[in-house]
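A.B. asks: Please see the structure below; I have some questions.
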Amino acid sequence: YYGSRPREAACDPQLVPHPERHDRRGELLFGVPKKGRLHEKIVGMLKGAGLEYKREARLDIAHCRDLPVSLVFLPAADIATYVGEGDVDMGITGEDIIAESEVDVIELMRLGMGKCRLSVQAPSGTTQDPRQLAGKRVVTSFPVLTKKYFAGLENGEATKVKCISGSVEASCGLGLADGIVDLVETGTTMRAAGLEEVSVIMHTETVLIANPHSHHKELIELLRKRISGFITASRYMMVTYNVPRHLLHVARQITPGKKSPSIQPLEDEAWVAVSALVEKSKAATIMDSLEAAGATDILLSAIHSSRMGD
């Protein structure tokens with residue numbers, strides 16, 4: 001979820017400008033959201049994946065030091081269009097933006113951030129079924145998806161879909177719309193505007209995408225593996241411990257690992273050493289369970305990056 005889209009770009013894709021040109025023609029161009037609440041998370045993820053760069057003030061392009069890659073900082077709502085048309089080779093954007101842009105891209109992987117839903121909303125207590133809004137006034141920043149959705153509900157009169165770039169949730173209160181289509185994460189903004197969710201058009205999250213005709217396929221795959229490795233490292237930790245051999249079957253149930261735990265014999269044949277990946281959010285509970293099961297010397301280590309062979 002990236003917030004409001006630029007008004008002209010949201011309502012007329014033909015007005016989207018091309019990324020600024022540069023003289024490194026052989027480099028892979030990577031479209032990155034230039035702002036928004038996920039910007040810092042994405043930048044941190046890229047740096048964690050080994051993309052080292054320096055971005056000069058007021059410049060929307062940065063060249064990586066150790067790879068033939070240039071990051072192009074763009075409005076998130078336009079990245080799918082740039083990737084689909086081949087202006088950049090790959091990018092990061094939301095699944096909702098891809099669907100709205102109607103472009104042909106390859107979804108390489110979900111990034112586990114920006115999860116939300118695109119939903120039909122109306123003033124609380126007024127609408128129980130989205131068909132009640134068919135043929136009426138609906139305001140949105142997603143006109144393509146909205147028109148497609150209501151086209152299947154209409155019975156004669158076409159729904160009057162109006163595209164605006166921001167503060168969509170205020171449209172009903174201002175008398176501009178009978179309902180809206182907008183992104184919902186927690187629902188706080190929706191409820192504050194006196195609205196309630198009527199139906200969900202799609203669930204969406206941030207994804208890594210690529211142009212299917214890019215000439216940088218090997219480099220795209222390298223970057224995908226790096227980003228995947230960093231995401232895995234950020235979600236997991238490594239727990240190591242010693243456990244009596246006769247209790248190993250109990251310990252393995254507590255720490256099955258991502259694929260399987262690593263088990264090493266110790267000089268004392270009655271004991272083994274075990275290493276396993278555990279989810280970071282469950283790590284403390286797992287350590288408690290291991291201790292209760294008879295394990296000792298339990299250590300928990302952070303992982304900075306990984307390659308899992310996926």
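Convention: chains lettered A, B, ... in structure tokens order; per-chain residue numbering from 1; ligands numbered from 1 as shown.
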So that I can check the surroundings of Leu248 (chain A), please list as a short mmCIF file (atom, residue, chain, number, x, y, z; two decimals) with N, CA and C atoms, in the first residue's frame every protein, DNA and RNA residue that reaches within 10 Å of it, counting only C-alpha atoms and ignoring chain neighbours fewer than 2 positions away.

C.D. replies:
```cif
data_model
loop_
_atom_site.label_atom_id
_atom_site.label_comp_id
_atom_site.auth_asym_id
_atom_site.auth_seq_id
_atom_site.Cartn_x
_atom_site.Cartn_y
_atom_site.Cartn_z
N ASN A 242 22.65 -28.45 22.63
CA ASN A 242 23.03 -29.84 22.86
C ASN A 242 21.87 -30.55 23.54
N VAL A 243 21.69 -31.82 23.18
CA VAL A 243 20.57 -32.56 23.75
C VAL A 243 20.97 -34.04 23.88
N PRO A 244 20.56 -34.73 24.95
CA PRO A 244 20.83 -36.17 25.05
C PRO A 244 20.24 -36.91 23.84
N ARG A 245 20.98 -37.85 23.33
CA ARG A 245 20.56 -38.55 22.13
C ARG A 245 19.17 -39.18 22.29
N HIS A 246 18.87 -39.70 23.50
CA HIS A 246 17.58 -40.36 23.67
C HIS A 246 16.41 -39.37 23.70
N VAL A 250 12.29 -35.75 20.65
CA VAL A 250 11.46 -34.69 21.21
C VAL A 250 11.94 -33.32 20.73
N ALA A 251 13.26 -33.11 20.75
CA ALA A 251 13.82 -31.82 20.32
C ALA A 251 13.54 -31.55 18.85
N ARG A 252 13.58 -32.59 18.03
CA ARG A 252 13.34 -32.40 16.59
C ARG A 252 11.91 -31.93 16.32
N GLN A 253 10.99 -32.36 17.15
CA GLN A 253 9.61 -31.90 16.97
C GLN A 253 9.47 -30.42 17.30
N ILE A 254 10.31 -29.95 18.23
CA ILE A 254 10.27 -28.53 18.61
C ILE A 254 10.97 -27.68 17.55
N ILE A 263 22.29 -32.15 12.56
CA ILE A 263 22.61 -32.90 13.79
C ILE A 263 24.03 -33.41 13.71
N TRP A 271 25.34 -37.65 23.66
CA TRP A 271 24.81 -36.33 23.33
C TRP A 271 25.01 -36.01 21.84
N VAL A 272 24.16 -35.12 21.33
CA VAL A 272 24.31 -34.60 19.97
C VAL A 272 24.13 -33.09 20.01
N ALA A 273 24.70 -32.41 19.00
CA ALA A 273 24.51 -30.97 18.83
C ALA A 273 23.54 -30.75 17.67
N VAL A 274 22.62 -29.83 17.86
CA VAL A 274 21.57 -29.59 16.85
C VAL A 274 21.56 -28.10 16.47
N ALA A 293 12.51 -29.58 27.57
CA ALA A 293 12.65 -30.92 27.00
C ALA A 293 13.99 -31.57 27.34
N GLY A 294 14.90 -30.83 28.00
CA GLY A 294 16.17 -31.41 28.40
C GLY A 294 17.37 -30.93 27.62
N ALA A 295 17.20 -29.97 26.71
CA ALA A 295 18.32 -29.43 25.95
C ALA A 295 19.13 -28.47 26.83
#
```

A.B. asks: Apply DSSP to the structure's backbone, then extract all residues of region 190-288 of chain A labelled helix (DSSP H, G or I) and return them as a ChimeraX atom specification.

C.D. replies: /A:190-192,217-235,245-254,280-288

A.B. asks: Report, in Å with one decimal, the straight-line distance from CA of Lys34 (chain A) to CA of Ala76 (chain A).

C.D. replies: 7.1 Å

A.B. asks: Among the residues of region 194-266 of chain A, find those DSSP assigns to strand (DSSP E) from the backbone and print them as an NGL selection string.

C.D. replies: :A and (195-204 or 206-210 or 236-244 or 262-265)

A.B. asks: One number please: CA of Glu107 (chain A) to CA of Glu221 (chain A), in Å, one decimal.

C.D. replies: 12.1 Å

A.B. asks: Choose the residue, out of A:Val138, A:Val105, A:Leu59, A:Leu133, that has the smallest atom-to-atom separation from Gly86 (chain A); count only C-alpha atoms.

C.D. replies: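 Closest residue, counting only C-alpha atoms: A:Val105.
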
A.B. asks: Quick one: residues within 9 Å of Asp178 (chain A), only C-alpha atoms counted, chain neighbours fewer than 4 positions away excluded, as a PyMOL selection string?

C.D. replies: chain A and resi 122-123+133+136-139+171-172

A.B. asks: With distances taken over only C-alpha atoms, which residue among A:Ile180, A:Ala193, A:Leu51, A:Ala80 lies nearest Asp66 (chain A)?

C.D. replies: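 Going through A:Ile180, A:Ala193, A:Leu51, A:Ala80 one by one, the smallest distance to Asp66 (chain A) is for A:Leu51.
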
A.B. asks: Determine, counting only C-alpha atoms, which protein, DNA and RNA residues have an atom within 12 Å of an atom of Gly114 (chain A); residues of the same chain fewer than 5 positions away are not included. Present the result as a ChimeraX atom specification.

C.D. replies: /A:1-3,36-39,41-42,92-96,183-186,203-207
